[in-house]
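**Q** Sending over a structure as structure tokens; questions will come in a sec.
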Amino acid sequence: MRIRVASPKRIVICMLAVGALLVSACSTLDRKSAVPPELRRETTVLGIPNARFFPDQPAPMRAEQEQALIREARYAHVKPGETMATGYLLSLSGGGDDGAFGAGLLVGWTAHGDRPSFKLVTGVSTGALISPFAFLGPEYDGALTEVYTGINQSNIFEKRFITAAVTEDALSDTAPLYATISKHVDERMMARIAEEYERGRLLLIQTTDLDAGYPVIWNIGAIAKSGGPEALSLIRHIMLASASIPAAFPPVMFDVEARGEPYQEMHVDGGAVSQAFLVPASVDPRLAQKAAGFHARKMVAYIIRNSRLTTEWTDVERLTLSIAQRAVTTMINYNGIGDFYRIYMETRRANAAFNLAYIGPDFHAEHKEEFDTGYMRALYRFAFDKAAKGYPWQDGPPGFTHSAH
């Protein structure tokens with residue numbers, strides 16, 4: 001997630017409009033009842049028991065990993081007591097239109113000739129939009145390229161009138177983004193995701209349940225396997241939710257059920273919790289391998305940060321909202337870097353190799369607005385060229401190592 005709120009002038013105008021409307025704004029937008037806190041862990045979506053996971057409930061996720069290993073072994077003809085082939089993991093971070101970096105890197109990796117098939121792919125925000133293409137591999141490189149080099153702002157959102165701050169749920173409408181997602185995430189793609197899920201591969205997307213203030217990890221393969229138009233719609237809305245920056249974009253509402261009663265959850269950008277993830281800290285992959293009856297396998301993790309490591313310099317105006325905007329931008333940037341250290345510790349525990357990519361200081365391009373087509377094409381080409389030559393992955397988070405391979 002990368003937040004760029006409106007200009008200070010626009011925000012001031014918005015605040016004046018808010019003040020003028022406070023007297024008349026006596027109600028909020030309608031919604032169904034939120035899930036009571038005591039029922040949060042009992043909710044189901046479309047009746048799919050393993051459609052999603054909560055980090056504070058590691059047992060269901062470990063069970064899912066175990067079953068995935070069994071399916072993978074069956075497909076690869078590996079017997080219990082033997083060792084699986086190397087497992088490759090991919091984490092795709094948030095970053096708005098900087099997702100062009102991850103897209104270019106993946107397609108350039110294909111051109112280099114050694115891009116692996118990933119056992120696990122995870123995505124947050126723009127990383128969630130990339131994740132199905134990355135999961136399905138080179139056959140979707142063309143579509144991935146189109147998404148990150150052939151779109152502009154009109155394909156992502158429409159600005160609402162300034163009074164939307166008090167009369168609606170966001171300053172913009174993301175119907176264009178949903179249409180963009182739907183164009184590519186179709187029945188064929190869902191069927192392919194289901195096929196790969198049956199082969200033991202996992203595709204996970206993170207959103208944030210705003211009512212609970214808690215992350216939700218969606219099991220896209222299990223949802224795809226359930227089939228049907230409702231499953232396809234759910235996958236599209238999960239991707240939309242993961243990229244829905246609070247206040248800028250509308251939240252996505254999910255109908256759920258708990259103890260036979262209907263409720264509704266409000267979900268926003270997964271980056272509200274973390275910019276990237278592999279598995280929750282509460283889940284140790286080695287336990288699943290042992291439970292499934294297989295020896296510990298070699299594992300290699302790749303983390304693509306769709307952003308720079310540093311916050312771009314700017315001359316901050318001495319105004320409350322300008323200061324707040326800058327502080328939030330800086331906080332998000334460094335929280336994202338903190339995610340690397342958490343993932344690094346998780347890879348150490350699992351004896352997995354750690355590989356990190358991010359937008360380096362050698363990239364320079366004019367960035368006129370969000371989802372600037374020229375900027376995205378330049379960034380895509382920058383990443384593609386590096387990966388086509390063999391990307392210089394960093395084998396540790398910032399400050400731990402400066403080596404590359």
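The chains in the structure tokens are called A, B, ... from first to last as shown; in each chain the residues are counted from 1, and the ligands are counted from 1 in the order shown.
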Quick one: contact table of stretch 280-308 of chain A to stretch 94-118 of chain A, 8 Å max, nearest atom pair and distance in Å to one decimal per residue, counting only C-alpha atoms, chain and number order, as a tab-separated table?

**A**
residue	atom	partner	partner_atom	distance
A:Ile304	CA	A:Gly102	CA	6.3
A:Arg305	CA	A:Gly94	CA	7.3
A:Asn306	CA	A:Gly95	CA	5.0
A:Ser307	CA	A:Gly95	CA	5.6

**Q** Using DSSP assignments from the backbone, pull out every residue in stretch 107-348 of chain A that falls under alpha helix (DSSP H) and give it to me as JSON, numbers by chain.

**A** {"A": [107, 108, 109, 110, 111, 112, 126, 127, 128, 129, 130, 131, 132, 133, 134, 135, 136, 141, 142, 143, 144, 145, 146, 147, 148, 149, 164, 165, 166, 167, 175, 176, 177, 178, 179, 180, 181, 182, 183, 184, 187, 188, 189, 190, 191, 192, 193, 194, 195, 196, 197, 198, 220, 221, 222, 223, 224, 225, 226, 229, 230, 231, 232, 233, 234, 235, 236, 237, 238, 239, 240, 241, 242, 285, 286, 287, 288, 289, 290, 291, 292, 320, 321, 322, 323, 324, 325, 326, 327, 328, 329, 330, 331, 332, 333, 334, 335, 336, 337, 338, 339, 340, 341, 342, 343, 344, 345, 346, 347, 348]}

**Q** Counting only C-alpha atoms, what is within 10 Å of A:Ser244, bar same-chain residues fewer than 4 positions away, as a list of chain:residue names?

**A** A:Met1, A:Ser125, A:Thr126, A:Ala170, A:Thr174, A:Leu177, A:Thr207, A:Thr208, A:Ile238, A:Met239, A:Leu240, A:Ala248, A:Phe249, A:Pro250, A:Pro251, A:Val252, A:His267, A:Val268, A:Asp269, A:Gly270, A:Gly271, A:Ala272

**Q** Create the file for the chosen residues now, containing N, CA and C atoms and written as a PDB file, in the first residue's frame.

**A**
ATOM      1  N   MET A   1       0.844  -1.186   0.000  1.00  0.00           N
ATOM      2  CA  MET A   1       0.000   0.000   0.000  1.00  0.00           C
ATOM      3  C   MET A   1       0.876   1.231   0.000  1.00  0.00           C
ATOM      4  N   SER A 125      -2.203  -5.860  -1.475  1.00  0.00           N
ATOM      5  CA  SER A 125      -2.464  -4.634  -2.226  1.00  0.00           C
ATOM      6  C   SER A 125      -2.106  -4.822  -3.705  1.00  0.00           C
ATOM      7  N   THR A 126      -1.197  -4.016  -4.254  1.00  0.00           N
ATOM      8  CA  THR A 126      -0.840  -4.221  -5.656  1.00  0.00           C
ATOM      9  C   THR A 126      -0.215  -5.602  -5.854  1.00  0.00           C
ATOM     10  N   ALA A 170     -15.727   6.845   0.616  1.00  0.00           N
ATOM     11  CA  ALA A 170     -14.375   7.087   0.119  1.00  0.00           C
ATOM     12  C   ALA A 170     -14.400   8.274  -0.843  1.00  0.00           C
ATOM     13  N   THR A 174     -14.017   2.728  -7.093  1.00  0.00           N
ATOM     14  CA  THR A 174     -13.115   1.751  -7.716  1.00  0.00           C
ATOM     15  C   THR A 174     -13.829   0.791  -8.662  1.00  0.00           C
ATOM     16  N   LEU A 177     -11.467  -0.294 -11.329  1.00  0.00           N
ATOM     17  CA  LEU A 177     -10.510  -1.324 -10.928  1.00  0.00           C
ATOM     18  C   LEU A 177     -11.167  -2.689 -10.914  1.00  0.00           C
ATOM     19  N   THR A 207      -6.156  -9.316   3.308  1.00  0.00           N
ATOM     20  CA  THR A 207      -6.957  -8.107   3.448  1.00  0.00           C
ATOM     21  C   THR A 207      -6.984  -7.745   4.931  1.00  0.00           C
ATOM     22  N   THR A 208      -7.595  -6.601   5.250  1.00  0.00           N
ATOM     23  CA  THR A 208      -7.743  -6.189   6.639  1.00  0.00           C
ATOM     24  C   THR A 208      -9.216  -6.065   6.982  1.00  0.00           C
ATOM     25  N   ILE A 238     -11.987 -10.061  -3.290  1.00  0.00           N
ATOM     26  CA  ILE A 238     -10.844 -10.171  -2.377  1.00  0.00           C
ATOM     27  C   ILE A 238      -9.675  -9.364  -2.917  1.00  0.00           C
ATOM     28  N   MET A 239      -9.402  -9.493  -4.210  1.00  0.00           N
ATOM     29  CA  MET A 239      -8.326  -8.733  -4.829  1.00  0.00           C
ATOM     30  C   MET A 239      -8.606  -7.237  -4.736  1.00  0.00           C
ATOM     31  N   LEU A 240      -9.860  -6.857  -4.973  1.00  0.00           N
ATOM     32  CA  LEU A 240     -10.243  -5.448  -4.873  1.00  0.00           C
ATOM     33  C   LEU A 240     -10.053  -4.941  -3.448  1.00  0.00           C
ATOM     34  N   ALA A 248      -9.340   6.627   0.626  1.00  0.00           N
ATOM     35  CA  ALA A 248      -9.153   6.939  -0.793  1.00  0.00           C
ATOM     36  C   ALA A 248     -10.071   6.071  -1.654  1.00  0.00           C
ATOM     37  N   PHE A 249     -10.130   4.761  -1.336  1.00  0.00           N
ATOM     38  CA  PHE A 249     -10.968   3.815  -2.064  1.00  0.00           C
ATOM     39  C   PHE A 249     -12.021   3.233  -1.119  1.00  0.00           C
ATOM     40  N   PRO A 250     -13.186   2.878  -1.631  1.00  0.00           N
ATOM     41  CA  PRO A 250     -14.228   2.323  -0.765  1.00  0.00           C
ATOM     42  C   PRO A 250     -13.827   0.970  -0.183  1.00  0.00           C
ATOM     43  N   PRO A 251     -14.287   0.664   1.025  1.00  0.00           N
ATOM     44  CA  PRO A 251     -14.065  -0.674   1.564  1.00  0.00           C
ATOM     45  C   PRO A 251     -14.903  -1.682   0.782  1.00  0.00           C
ATOM     46  N   VAL A 252     -14.562  -2.936   0.916  1.00  0.00           N
ATOM     47  CA  VAL A 252     -15.331  -4.004   0.273  1.00  0.00           C
ATOM     48  C   VAL A 252     -16.072  -4.763   1.364  1.00  0.00           C
ATOM     49  N   HIS A 267     -13.863  -4.799   4.705  1.00  0.00           N
ATOM     50  CA  HIS A 267     -12.450  -5.069   4.458  1.00  0.00           C
ATOM     51  C   HIS A 267     -11.800  -3.969   3.637  1.00  0.00           C
ATOM     52  N   VAL A 268     -10.539  -3.693   3.973  1.00  0.00           N
ATOM     53  CA  VAL A 268      -9.753  -2.700   3.254  1.00  0.00           C
ATOM     54  C   VAL A 268      -8.377  -3.295   2.933  1.00  0.00           C
ATOM     55  N   ASP A 269      -7.525  -2.439   2.408  1.00  0.00           N
ATOM     56  CA  ASP A 269      -6.169  -2.786   1.979  1.00  0.00           C
ATOM     57  C   ASP A 269      -5.450  -3.670   2.999  1.00  0.00           C
ATOM     58  N   GLY A 270      -4.900  -4.782   2.508  1.00  0.00           N
ATOM     59  CA  GLY A 270      -4.122  -5.651   3.386  1.00  0.00           C
ATOM     60  C   GLY A 270      -2.900  -4.961   3.945  1.00  0.00           C
ATOM     61  N   GLY A 271      -2.447  -3.883   3.259  1.00  0.00           N
ATOM     62  CA  GLY A 271      -1.291  -3.143   3.724  1.00  0.00           C
ATOM     63  C   GLY A 271      -1.543  -2.343   4.980  1.00  0.00           C
ATOM     64  N   ALA A 272      -2.798  -2.265   5.421  1.00  0.00           N
ATOM     65  CA  ALA A 272      -3.078  -1.609   6.695  1.00  0.00           C
ATOM     66  C   ALA A 272      -2.466  -2.395   7.847  1.00  0.00           C
TER      67      ALA A 272
END

**Q** Show which residues sit within 10 Å of A:Pro55, as a short mmCIF file (atom, residue, chain, number, x, y, z; two decimals) with all heavy atoms, in the first residue's frame. Count only C-alpha atoms, and ignore same-chain residues fewer than 4 positions away.

**A**
data_model
loop_
_atom_site.label_atom_id
_atom_site.label_comp_id
_atom_site.auth_asym_id
_atom_site.auth_seq_id
_atom_site.Cartn_x
_atom_site.Cartn_y
_atom_site.Cartn_z
N ALA A 59 -3.62 -23.50 13.83
CA ALA A 59 -3.93 -24.91 13.55
C ALA A 59 -4.57 -25.11 12.18
O ALA A 59 -4.16 -26.01 11.42
CB ALA A 59 -4.81 -25.49 14.65
N PRO A 60 -5.60 -24.35 11.79
CA PRO A 60 -6.19 -24.55 10.47
C PRO A 60 -5.20 -24.31 9.32
O PRO A 60 -5.24 -25.03 8.32
CB PRO A 60 -7.32 -23.51 10.43
CG PRO A 60 -7.68 -23.29 11.87
CD PRO A 60 -6.38 -23.37 12.59
N MET A 61 -4.31 -23.34 9.49
CA MET A 61 -3.34 -23.09 8.43
C MET A 61 -2.31 -24.21 8.36
O MET A 61 -1.89 -24.62 7.26
CB MET A 61 -2.65 -21.74 8.64
CG MET A 61 -1.69 -21.38 7.51
SD MET A 61 -1.15 -19.66 7.50
CE MET A 61 -2.64 -18.87 6.87
N TYR A 214 -8.05 -6.55 12.14
CA TYR A 214 -7.23 -7.77 12.12
C TYR A 214 -7.02 -8.25 10.69
O TYR A 214 -7.91 -8.08 9.84
CB TYR A 214 -7.94 -8.86 12.93
CG TYR A 214 -7.00 -9.85 13.55
CD1 TYR A 214 -6.25 -9.52 14.69
CD2 TYR A 214 -6.82 -11.11 12.99
CE1 TYR A 214 -5.37 -10.42 15.25
CE2 TYR A 214 -5.94 -12.02 13.54
CZ TYR A 214 -5.22 -11.67 14.67
OH TYR A 214 -4.34 -12.56 15.22
N PRO A 215 -5.87 -8.85 10.39
CA PRO A 215 -5.63 -9.37 9.04
C PRO A 215 -6.41 -10.64 8.77
O PRO A 215 -6.66 -11.45 9.68
CB PRO A 215 -4.13 -9.64 9.02
CG PRO A 215 -3.80 -9.94 10.45
CD PRO A 215 -4.69 -9.04 11.27
N VAL A 216 -6.79 -10.83 7.53
CA VAL A 216 -7.44 -12.06 7.07
C VAL A 216 -6.66 -12.57 5.87
O VAL A 216 -6.36 -11.80 4.95
CB VAL A 216 -8.91 -11.81 6.67
CG1 VAL A 216 -9.54 -13.08 6.11
CG2 VAL A 216 -9.71 -11.30 7.87
N ILE A 217 -6.30 -13.84 5.89
CA ILE A 217 -5.54 -14.45 4.80
C ILE A 217 -6.47 -15.37 4.02
O ILE A 217 -6.96 -16.37 4.55
CB ILE A 217 -4.33 -15.24 5.35
CG1 ILE A 217 -3.38 -14.27 6.07
CG2 ILE A 217 -3.60 -15.95 4.23
CD1 ILE A 217 -2.24 -14.95 6.78
N VAL A 279 4.14 -16.43 5.77
CA VAL A 279 3.22 -17.16 6.65
C VAL A 279 3.17 -16.42 7.97
O VAL A 279 4.12 -15.71 8.32
CB VAL A 279 3.67 -18.62 6.89
CG1 VAL A 279 3.63 -19.42 5.61
CG2 VAL A 279 5.06 -18.66 7.50
N PRO A 280 2.09 -16.53 8.73
CA PRO A 280 2.06 -15.90 10.04
C PRO A 280 3.18 -16.44 10.93
O PRO A 280 3.60 -17.60 10.79
CB PRO A 280 0.68 -16.28 10.59
CG PRO A 280 -0.14 -16.56 9.37
CD PRO A 280 0.82 -17.17 8.39
N ALA A 281 3.67 -15.61 11.82
CA ALA A 281 4.75 -16.04 12.71
C ALA A 281 4.35 -17.24 13.55
O ALA A 281 5.20 -18.01 14.02
CB ALA A 281 5.17 -14.87 13.61
N SER A 282 3.04 -17.44 13.72
CA SER A 282 2.55 -18.55 14.54
C SER A 282 2.59 -19.89 13.82
O SER A 282 2.31 -20.93 14.41
CB SER A 282 1.11 -18.26 14.99
OG SER A 282 0.27 -18.06 13.85
N VAL A 283 2.94 -19.87 12.53
CA VAL A 283 2.92 -21.10 11.72
C VAL A 283 4.34 -21.48 11.33
O VAL A 283 5.05 -20.71 10.69
CB VAL A 283 2.06 -20.91 10.46
CG1 VAL A 283 2.11 -22.18 9.60
CG2 VAL A 283 0.62 -20.58 10.84
#

**Q** List every residue of stretch 22-117 of chain A that DSSP, applied to the backbone, labels as strand (DSSP E or B), and write the result as JSON, numbers by chain.

**A** {"A": [44, 45, 48, 52, 53, 83, 87, 88, 89, 90, 91, 92]}

**Q** Distance atom CA of A:Leu69-atom CA of A:Leu278, one decimal place?

**A** 16.5 Å

**Q** Against stretch 296-300 of chain A, which residues of stretch 58-88 of chain A fall within 6 Å? For each one I want the closest pair of atoms and the distance in Å (one decimal), counting only C-alpha atoms, rows by chain and increasing residue number, as JSON lines.

**A**
{"residue": "A:Thr83", "atom": "CA", "partner": "A:Arg297", "partner_atom": "CA", "distance": 5.9}
{"residue": "A:Met84", "atom": "CA", "partner": "A:Arg297", "partner_atom": "CA", "distance": 5.7}
{"residue": "A:Thr86", "atom": "CA", "partner": "A:Lys298", "partner_atom": "CA", "distance": 4.8}
{"residue": "A:Gly87", "atom": "CA", "partner": "A:Met299", "partner_atom": "CA", "distance": 4.7}
{"residue": "A:Tyr88", "atom": "CA", "partner": "A:Val300", "partner_atom": "CA", "distance": 4.9}
